[in-house]
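Structure file protein.txt; described as compact mmCIF, N, CA and C atoms.
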# COMPACT_ATOMS: atom_id res chain seq x y z
N MET A 257 37.13 -53.78 57.65
CA MET A 257 37.94 -52.58 57.64
C MET A 257 39.28 -52.89 56.98
N LEU A 258 39.74 -51.97 56.18
CA LEU A 258 41.02 -52.08 55.50
C LEU A 258 42.15 -52.07 56.54
N GLU A 259 43.13 -52.92 56.34
CA GLU A 259 44.27 -52.98 57.26
C GLU A 259 45.43 -52.16 56.71
N MET A 260 46.04 -51.37 57.59
CA MET A 260 47.21 -50.58 57.24
C MET A 260 47.91 -50.22 58.54
N THR A 261 49.21 -50.45 58.61
CA THR A 261 49.92 -50.13 59.84
C THR A 261 49.97 -48.62 60.03
N ARG A 262 50.24 -48.24 61.25
CA ARG A 262 50.37 -46.81 61.53
C ARG A 262 51.52 -46.22 60.72
N GLU A 263 52.60 -46.96 60.59
CA GLU A 263 53.75 -46.47 59.83
C GLU A 263 53.38 -46.24 58.36
N GLU A 264 52.62 -47.16 57.77
CA GLU A 264 52.19 -47.00 56.39
C GLU A 264 51.29 -45.76 56.25
N PHE A 265 50.39 -45.58 57.20
CA PHE A 265 49.49 -44.43 57.15
C PHE A 265 50.26 -43.13 57.33
N GLU A 266 51.22 -43.12 58.25
CA GLU A 266 52.05 -41.93 58.44
C GLU A 266 52.80 -41.58 57.16
N GLU A 267 53.23 -42.59 56.44
CA GLU A 267 53.92 -42.36 55.17
C GLU A 267 52.98 -41.72 54.15
N LEU A 268 51.72 -42.17 54.12
CA LEU A 268 50.74 -41.55 53.22
C LEU A 268 50.51 -40.08 53.57
N VAL A 269 50.46 -39.78 54.86
CA VAL A 269 50.30 -38.39 55.28
C VAL A 269 51.53 -37.58 54.86
N ALA A 270 52.71 -38.13 55.05
CA ALA A 270 53.94 -37.45 54.64
C ALA A 270 53.95 -37.21 53.13
N GLU A 271 53.51 -38.19 52.35
CA GLU A 271 53.47 -38.04 50.90
C GLU A 271 52.46 -36.96 50.50
N ALA A 272 51.32 -36.91 51.20
CA ALA A 272 50.32 -35.86 50.92
C ALA A 272 50.90 -34.49 51.22
N LEU A 273 51.64 -34.38 52.31
CA LEU A 273 52.29 -33.11 52.64
C LEU A 273 53.33 -32.73 51.59
N ASP A 274 54.05 -33.71 51.08
CA ASP A 274 55.06 -33.45 50.05
C ASP A 274 54.44 -32.94 48.75
N ARG A 275 53.16 -33.26 48.51
CA ARG A 275 52.49 -32.82 47.29
C ARG A 275 51.92 -31.41 47.40
N ILE A 276 51.97 -30.82 48.58
CA ILE A 276 51.54 -29.43 48.74
C ILE A 276 52.57 -28.56 48.02
N PRO A 277 52.13 -27.66 47.16
CA PRO A 277 53.09 -26.82 46.41
C PRO A 277 54.02 -26.05 47.35
N PRO A 278 55.30 -25.98 47.00
CA PRO A 278 56.28 -25.28 47.84
C PRO A 278 55.90 -23.83 48.13
N GLU A 279 55.20 -23.20 47.17
CA GLU A 279 54.79 -21.81 47.39
C GLU A 279 53.88 -21.70 48.61
N LEU A 280 53.10 -22.75 48.86
CA LEU A 280 52.21 -22.75 50.02
C LEU A 280 52.92 -23.19 51.29
N THR A 281 53.75 -24.22 51.19
CA THR A 281 54.42 -24.70 52.40
C THR A 281 55.36 -23.64 52.97
N ARG A 282 55.91 -22.79 52.11
CA ARG A 282 56.77 -21.71 52.61
C ARG A 282 55.98 -20.70 53.43
N LEU A 283 54.69 -20.60 53.16
CA LEU A 283 53.84 -19.65 53.89
C LEU A 283 53.31 -20.22 55.21
N MET A 284 53.35 -21.53 55.35
CA MET A 284 52.88 -22.15 56.59
C MET A 284 53.81 -21.72 57.72
N ASP A 285 53.20 -21.40 58.87
CA ASP A 285 54.00 -20.88 59.96
C ASP A 285 53.50 -21.42 61.30
N ASN A 286 54.43 -21.99 62.06
CA ASN A 286 54.15 -22.44 63.42
C ASN A 286 53.00 -23.44 63.45
N VAL A 287 53.15 -24.50 62.66
CA VAL A 287 52.14 -25.56 62.60
C VAL A 287 52.84 -26.91 62.56
N ALA A 288 52.28 -27.87 63.28
CA ALA A 288 52.82 -29.23 63.31
C ALA A 288 51.72 -30.20 62.90
N VAL A 289 52.11 -31.28 62.20
CA VAL A 289 51.16 -32.27 61.73
C VAL A 289 51.41 -33.58 62.46
N PHE A 290 50.33 -34.18 62.95
CA PHE A 290 50.40 -35.42 63.71
C PHE A 290 49.45 -36.45 63.12
N VAL A 291 49.74 -37.72 63.36
CA VAL A 291 48.83 -38.81 63.04
C VAL A 291 48.45 -39.45 64.36
N GLU A 292 47.14 -39.66 64.54
CA GLU A 292 46.65 -40.39 65.70
C GLU A 292 45.71 -41.47 65.20
N ASP A 293 45.53 -42.50 66.02
CA ASP A 293 44.68 -43.60 65.60
C ASP A 293 43.21 -43.24 65.59
N GLU A 294 42.73 -42.58 66.64
CA GLU A 294 41.30 -42.29 66.75
C GLU A 294 41.07 -40.87 67.26
N PRO A 295 39.99 -40.25 66.80
CA PRO A 295 39.61 -38.93 67.33
C PRO A 295 38.90 -39.09 68.67
N ASP A 296 38.51 -37.98 69.24
CA ASP A 296 37.71 -37.98 70.46
C ASP A 296 36.45 -38.81 70.24
N ALA A 297 36.01 -39.52 71.26
CA ALA A 297 34.83 -40.39 71.15
C ALA A 297 33.58 -39.63 70.75
N ALA A 298 33.53 -38.33 70.99
CA ALA A 298 32.36 -37.53 70.63
C ALA A 298 32.23 -37.37 69.11
N GLU A 299 33.33 -37.54 68.37
CA GLU A 299 33.32 -37.41 66.91
C GLU A 299 34.07 -38.58 66.27
N PRO A 300 33.52 -39.79 66.37
CA PRO A 300 34.26 -40.98 65.93
C PRO A 300 34.56 -41.06 64.45
N GLU A 301 33.88 -40.29 63.62
CA GLU A 301 34.12 -40.33 62.17
C GLU A 301 34.99 -39.18 61.67
N LEU A 302 35.55 -38.40 62.58
CA LEU A 302 36.38 -37.27 62.21
C LEU A 302 37.67 -37.75 61.56
N LEU A 303 37.97 -37.25 60.37
CA LEU A 303 39.17 -37.67 59.63
C LEU A 303 40.38 -36.81 59.95
N GLY A 304 40.14 -35.54 60.25
CA GLY A 304 41.23 -34.62 60.54
C GLY A 304 40.74 -33.48 61.39
N LEU A 305 41.68 -32.80 62.05
CA LEU A 305 41.32 -31.70 62.93
C LEU A 305 42.43 -30.65 62.90
N TYR A 306 42.01 -29.39 62.75
CA TYR A 306 42.94 -28.26 62.85
C TYR A 306 42.64 -27.55 64.16
N GLU A 307 43.68 -27.32 64.95
CA GLU A 307 43.55 -26.58 66.20
C GLU A 307 44.61 -25.50 66.21
N GLY A 308 44.17 -24.26 66.31
CA GLY A 308 45.13 -23.17 66.34
C GLY A 308 44.52 -21.87 65.89
N THR A 309 45.39 -20.95 65.55
CA THR A 309 44.99 -19.63 65.08
C THR A 309 45.37 -19.51 63.60
N PRO A 310 44.36 -19.45 62.72
CA PRO A 310 44.67 -19.35 61.29
C PRO A 310 45.55 -18.13 60.98
N LEU A 311 46.33 -18.25 59.93
CA LEU A 311 47.22 -17.16 59.54
C LEU A 311 46.46 -15.85 59.35
N THR A 312 45.23 -15.93 58.86
CA THR A 312 44.44 -14.73 58.60
C THR A 312 43.98 -14.03 59.88
N ASP A 313 44.04 -14.73 61.01
CA ASP A 313 43.60 -14.15 62.29
C ASP A 313 44.76 -13.70 63.17
N ARG A 314 45.96 -13.90 62.72
CA ARG A 314 47.12 -13.55 63.53
C ARG A 314 47.44 -12.06 63.36
N GLY A 315 47.78 -11.45 64.47
CA GLY A 315 48.15 -10.05 64.43
C GLY A 315 49.45 -9.83 65.17
N GLU A 316 49.68 -8.62 65.58
CA GLU A 316 50.91 -8.27 66.29
C GLU A 316 51.03 -9.03 67.61
N TRP A 317 49.90 -9.40 68.17
CA TRP A 317 49.88 -10.11 69.45
C TRP A 317 50.40 -11.53 69.33
N TYR A 318 50.47 -12.06 68.11
CA TYR A 318 50.79 -13.47 67.91
C TYR A 318 52.31 -13.68 68.02
N ALA A 319 52.73 -14.10 69.19
CA ALA A 319 54.15 -14.40 69.42
C ALA A 319 54.25 -15.32 70.62
N GLY A 320 55.21 -16.19 70.58
CA GLY A 320 55.48 -17.06 71.72
C GLY A 320 54.38 -18.05 72.04
N VAL A 321 53.60 -18.45 71.03
CA VAL A 321 52.52 -19.40 71.26
C VAL A 321 52.92 -20.78 70.78
N LEU A 322 52.27 -21.79 71.30
CA LEU A 322 52.52 -23.15 70.85
C LEU A 322 52.09 -23.28 69.38
N PRO A 323 52.70 -24.20 68.66
CA PRO A 323 52.33 -24.38 67.25
C PRO A 323 50.86 -24.80 67.09
N ASP A 324 50.27 -24.38 65.98
CA ASP A 324 48.99 -24.93 65.58
C ASP A 324 49.19 -26.43 65.42
N ARG A 325 48.08 -27.15 65.52
CA ARG A 325 48.16 -28.61 65.44
C ARG A 325 47.17 -29.12 64.39
N ILE A 326 47.69 -29.88 63.45
CA ILE A 326 46.86 -30.60 62.49
C ILE A 326 47.00 -32.08 62.83
N THR A 327 45.86 -32.73 63.05
CA THR A 327 45.86 -34.15 63.37
C THR A 327 45.06 -34.89 62.30
N ILE A 328 45.66 -35.95 61.77
CA ILE A 328 45.00 -36.81 60.79
C ILE A 328 44.75 -38.15 61.49
N TYR A 329 43.50 -38.63 61.41
CA TYR A 329 43.10 -39.83 62.14
C TYR A 329 43.06 -41.06 61.23
N ARG A 330 43.80 -42.06 61.62
CA ARG A 330 43.93 -43.30 60.84
C ARG A 330 42.67 -44.15 60.88
N GLY A 331 42.12 -44.40 62.05
CA GLY A 331 40.99 -45.32 62.19
C GLY A 331 39.79 -44.96 61.33
N PRO A 332 39.24 -43.75 61.47
CA PRO A 332 38.08 -43.40 60.66
C PRO A 332 38.36 -43.44 59.15
N THR A 333 39.57 -43.06 58.77
CA THR A 333 39.92 -43.09 57.35
C THR A 333 39.90 -44.51 56.82
N LEU A 334 40.49 -45.43 57.56
CA LEU A 334 40.52 -46.82 57.11
C LEU A 334 39.13 -47.44 57.12
N ARG A 335 38.29 -47.06 58.07
CA ARG A 335 36.93 -47.60 58.12
C ARG A 335 36.07 -47.13 56.95
N MET A 336 36.31 -45.93 56.46
CA MET A 336 35.45 -45.42 55.39
C MET A 336 35.94 -45.77 53.98
N CYS A 337 37.19 -46.25 53.89
CA CYS A 337 37.77 -46.53 52.57
C CYS A 337 37.83 -48.03 52.32
N GLY A 338 37.55 -48.42 51.08
CA GLY A 338 37.55 -49.83 50.74
C GLY A 338 38.82 -50.33 50.08
N SER A 339 39.72 -49.42 49.72
CA SER A 339 40.96 -49.83 49.05
C SER A 339 42.09 -48.89 49.44
N ARG A 340 43.29 -49.35 49.20
CA ARG A 340 44.46 -48.51 49.47
C ARG A 340 44.41 -47.23 48.64
N GLU A 341 43.97 -47.33 47.40
CA GLU A 341 43.88 -46.16 46.53
C GLU A 341 42.93 -45.11 47.11
N THR A 342 41.82 -45.58 47.66
CA THR A 342 40.87 -44.66 48.28
C THR A 342 41.46 -44.02 49.52
N VAL A 343 42.23 -44.78 50.28
CA VAL A 343 42.89 -44.22 51.47
C VAL A 343 43.87 -43.13 51.05
N VAL A 344 44.63 -43.37 50.00
CA VAL A 344 45.58 -42.38 49.49
C VAL A 344 44.83 -41.10 49.12
N GLN A 345 43.74 -41.24 48.37
CA GLN A 345 42.97 -40.08 47.94
C GLN A 345 42.36 -39.34 49.13
N GLU A 346 41.75 -40.08 50.04
CA GLU A 346 41.08 -39.45 51.18
C GLU A 346 42.09 -38.78 52.11
N THR A 347 43.25 -39.39 52.28
CA THR A 347 44.29 -38.80 53.12
C THR A 347 44.76 -37.48 52.52
N GLU A 348 44.94 -37.45 51.22
CA GLU A 348 45.37 -36.21 50.56
C GLU A 348 44.31 -35.12 50.72
N VAL A 349 43.04 -35.46 50.52
CA VAL A 349 41.95 -34.49 50.68
C VAL A 349 41.92 -33.98 52.12
N THR A 350 42.08 -34.87 53.08
CA THR A 350 42.03 -34.47 54.50
C THR A 350 43.20 -33.56 54.85
N VAL A 351 44.39 -33.89 54.39
CA VAL A 351 45.56 -33.06 54.66
C VAL A 351 45.36 -31.66 54.06
N VAL A 352 44.93 -31.60 52.82
CA VAL A 352 44.69 -30.30 52.17
C VAL A 352 43.61 -29.52 52.94
N HIS A 353 42.55 -30.21 53.33
CA HIS A 353 41.45 -29.58 54.07
C HIS A 353 41.95 -28.92 55.36
N GLU A 354 42.75 -29.65 56.12
CA GLU A 354 43.23 -29.12 57.41
C GLU A 354 44.26 -28.00 57.20
N ILE A 355 45.11 -28.12 56.20
CA ILE A 355 46.06 -27.05 55.91
C ILE A 355 45.31 -25.80 55.46
N ALA A 356 44.24 -25.99 54.71
CA ALA A 356 43.43 -24.84 54.29
C ALA A 356 42.88 -24.09 55.50
N HIS A 357 42.50 -24.81 56.54
CA HIS A 357 42.05 -24.14 57.77
C HIS A 357 43.18 -23.29 58.36
N HIS A 358 44.41 -23.77 58.28
CA HIS A 358 45.57 -23.00 58.75
C HIS A 358 45.67 -21.67 57.99
N PHE A 359 45.28 -21.70 56.71
CA PHE A 359 45.29 -20.49 55.89
C PHE A 359 44.02 -19.66 56.04
N GLY A 360 43.10 -20.10 56.89
CA GLY A 360 41.90 -19.33 57.16
C GLY A 360 40.72 -19.62 56.25
N ILE A 361 40.77 -20.71 55.52
CA ILE A 361 39.67 -21.09 54.63
C ILE A 361 38.67 -21.92 55.43
N ASP A 362 37.39 -21.53 55.39
CA ASP A 362 36.38 -22.21 56.20
C ASP A 362 35.80 -23.43 55.47
N ASP A 363 35.02 -24.23 56.22
CA ASP A 363 34.45 -25.46 55.69
C ASP A 363 33.54 -25.21 54.49
N GLU A 364 32.76 -24.15 54.52
CA GLU A 364 31.84 -23.86 53.42
C GLU A 364 32.62 -23.71 52.11
N ARG A 365 33.69 -22.94 52.14
CA ARG A 365 34.50 -22.72 50.94
C ARG A 365 35.19 -24.02 50.52
N LEU A 366 35.68 -24.79 51.48
CA LEU A 366 36.34 -26.06 51.17
C LEU A 366 35.38 -27.04 50.51
N HIS A 367 34.16 -27.10 50.99
CA HIS A 367 33.15 -27.97 50.36
C HIS A 367 32.88 -27.53 48.92
N ALA A 368 32.81 -26.22 48.70
CA ALA A 368 32.59 -25.69 47.36
C ALA A 368 33.74 -26.05 46.42
N LEU A 369 34.95 -26.16 46.97
CA LEU A 369 36.13 -26.48 46.17
C LEU A 369 36.33 -28.00 46.01
N GLY A 370 35.49 -28.80 46.68
CA GLY A 370 35.61 -30.25 46.58
C GLY A 370 36.49 -30.88 47.64
N TYR A 371 36.80 -30.13 48.68
CA TYR A 371 37.62 -30.66 49.78
C TYR A 371 36.78 -30.80 51.04
N GLY A 372 35.57 -31.28 50.90
CA GLY A 372 34.64 -31.41 52.01
C GLY A 372 34.87 -32.57 52.83
Take the structure I supplied and represent it as structure tokens, if you would.
Amino acid sequence: MLEMTREEFEELVAEALDRIPPELTRLMDNVAVFVEDEPDAAEPELLGLYEGTPLTDRGEWYAGVLPDRITIYRGPTLRMCGSRETVVQETEVTVVHEIAHHFGIDDERLHALGYG
């Protein structure tokens, strides 16, 4: 398995977030991004997870709720990647994938766009 400290991985996630076009980041609302070492044991290969209410599903009722949560998992990413360059690429794909869920884009569409 490729070695990378949590701090280095968090920096890669931050860099991936910085590459999201400003036009999109301005539209993101009430969402927080986290890095964790491992996902739930039931899904050990999960690279990222979006938990919340997508922007497309929010209505007048949406107020006073906790932020949506995007979690990027370090362990599975490092296990599946053979080089730092691959980790950088996979981290960016995972970040974009989870942010897309925040915008209401489903897995089928993301796979079609190459963000599977």
| task | Compile the contact shell of Leu258 in chain A as a PyMOL selection string: residues with an atom at most 8 Å away, counting only N, CA and C atoms, same-chain residues fewer than 5 positions apart removed. | result | chain A and resi 333-340
| message | What does the structure give for the distance between CA of Gly308 in chain A and CA of Thr261 in chain A, in Å to one decimal? | response | 28.1 Å
| message | Just the number, please: distance in Å from CA of Met257 in chain A to CA of Ile328 in chain A, one decimal. | response | 17.6 Å
| request: Mind listing the strand (DSSP E or B) residues of range 262-316 of chain A, per DSSP on the backbone, as a ChimeraX atom specification? | output: /A:287-292,304-307
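Around the coordinate (37.8, -27.8, 54.0), residues that reach within 6.5 Å when counting all atoms listed in the file are Val352, His353, Glu354, Ala356, His357, Ile361, Asp362, Asp363, Glu364, Arg365, Leu366, His367, Tyr371 and Gly372 of chain A.
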| request: Considering only C-alpha atoms, state which residue in the set A:Gly370, A:Gly331, A:Pro277, A:Gly360 is at the smallest distance from Gly304 in chain A. | output: A:Gly331
| field | alpha helix (DSSP H) call set, DSSP backbone run, chain A, as a PyMOL selection string | value | chain A and resi 262-274+278-281+330-336+340-358+363-368
| field | Counting only N, CA and C atoms, the option among A:Ala272, A:Glu301, A:Glu259, A:Asn286 closest to Val321 in chain A | value | A:Asn286
| said: Using Å and a single decimal, report how far CA of Arg275 in chain A sits from atom N of Tyr318 in chain A. | reply: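 Separation of atom N of Tyr318 in chain A and CA of Arg275 in chain A: 29.5 Å.
Once Asp285 in chain A and its same-chain neighbours fewer than 5 positions away are set aside, A:Leu280, A:Leu311, A:Pro323, A:Asp324, A:His358 remain within 8 Å of it when counting only N, CA and C atoms.
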The selected residues should be written to file as a compact mmCIF listing (two decimals), keeping the file's coordinate frame (atoms: N, CA and C atoms).
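As written to disk, out-v8.txt reads:
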# COMPACT_ATOMS: atom_id res chain seq x y z
N LEU A 280 53.10 -22.75 48.86
CA LEU A 280 52.21 -22.75 50.02
C LEU A 280 52.92 -23.19 51.29
N LEU A 311 46.33 -18.25 59.93
CA LEU A 311 47.22 -17.16 59.54
C LEU A 311 46.46 -15.85 59.35
N PRO A 323 52.70 -24.20 68.66
CA PRO A 323 52.33 -24.38 67.25
C PRO A 323 50.86 -24.80 67.09
N ASP A 324 50.27 -24.38 65.98
CA ASP A 324 48.99 -24.93 65.58
C ASP A 324 49.19 -26.43 65.42
N HIS A 358 44.41 -23.77 58.28
CA HIS A 358 45.57 -23.00 58.75
C HIS A 358 45.67 -21.67 57.99
| request: Pick out the closest residue to Ile326 in chain A from this set: A:Ala368, A:Val289, A:Leu303, A:Ala270. Count only C-alpha atoms. | output: A:Val289
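Remark: residues at most 10 Å from position (49.3, -45.7, 63.0) in file coordinates are Met260, Thr261, Arg262, Glu263, Glu264, Phe265, Glu266, Glu267, Val291, Glu292, Asp293, Glu294, Tyr329, Arg330 and Gly331 of chain A, using only C-alpha atoms.
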| said: With distances taken over all atoms listed in the file, which residue among A:Ala319, A:Thr350, A:Thr342, A:Arg325 lies nearest Tyr306 in chain A? | reply: A:Arg325
| message | Calculated over only N, CA and C atoms, which of the candidates A:Thr347, A:Phe359, A:Glu271, A:Pro332 has the smallest distance to Pro295 in chain A? | response | A:Pro332
Give the padded box for range 321-334 of chain A as AutoDock Vina command-line options: axis-aligned, covering all atoms listed in the file, 6 Å on each side, centre and edge lengths in Å to one decimal.
--center_x 45.8 --center_y -32.9 --center_z 64.1 --size_x 27.5 --size_y 41.0 --size_z 26.5
| Which one is closest to Thr281 in chain A: A:Ile355, A:Val343, A:Ala297, A:Leu305? Count only C-alpha atoms. |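 Residue with the minimum atom-to-atom distance to Thr281 in chain A: A:Ile355.
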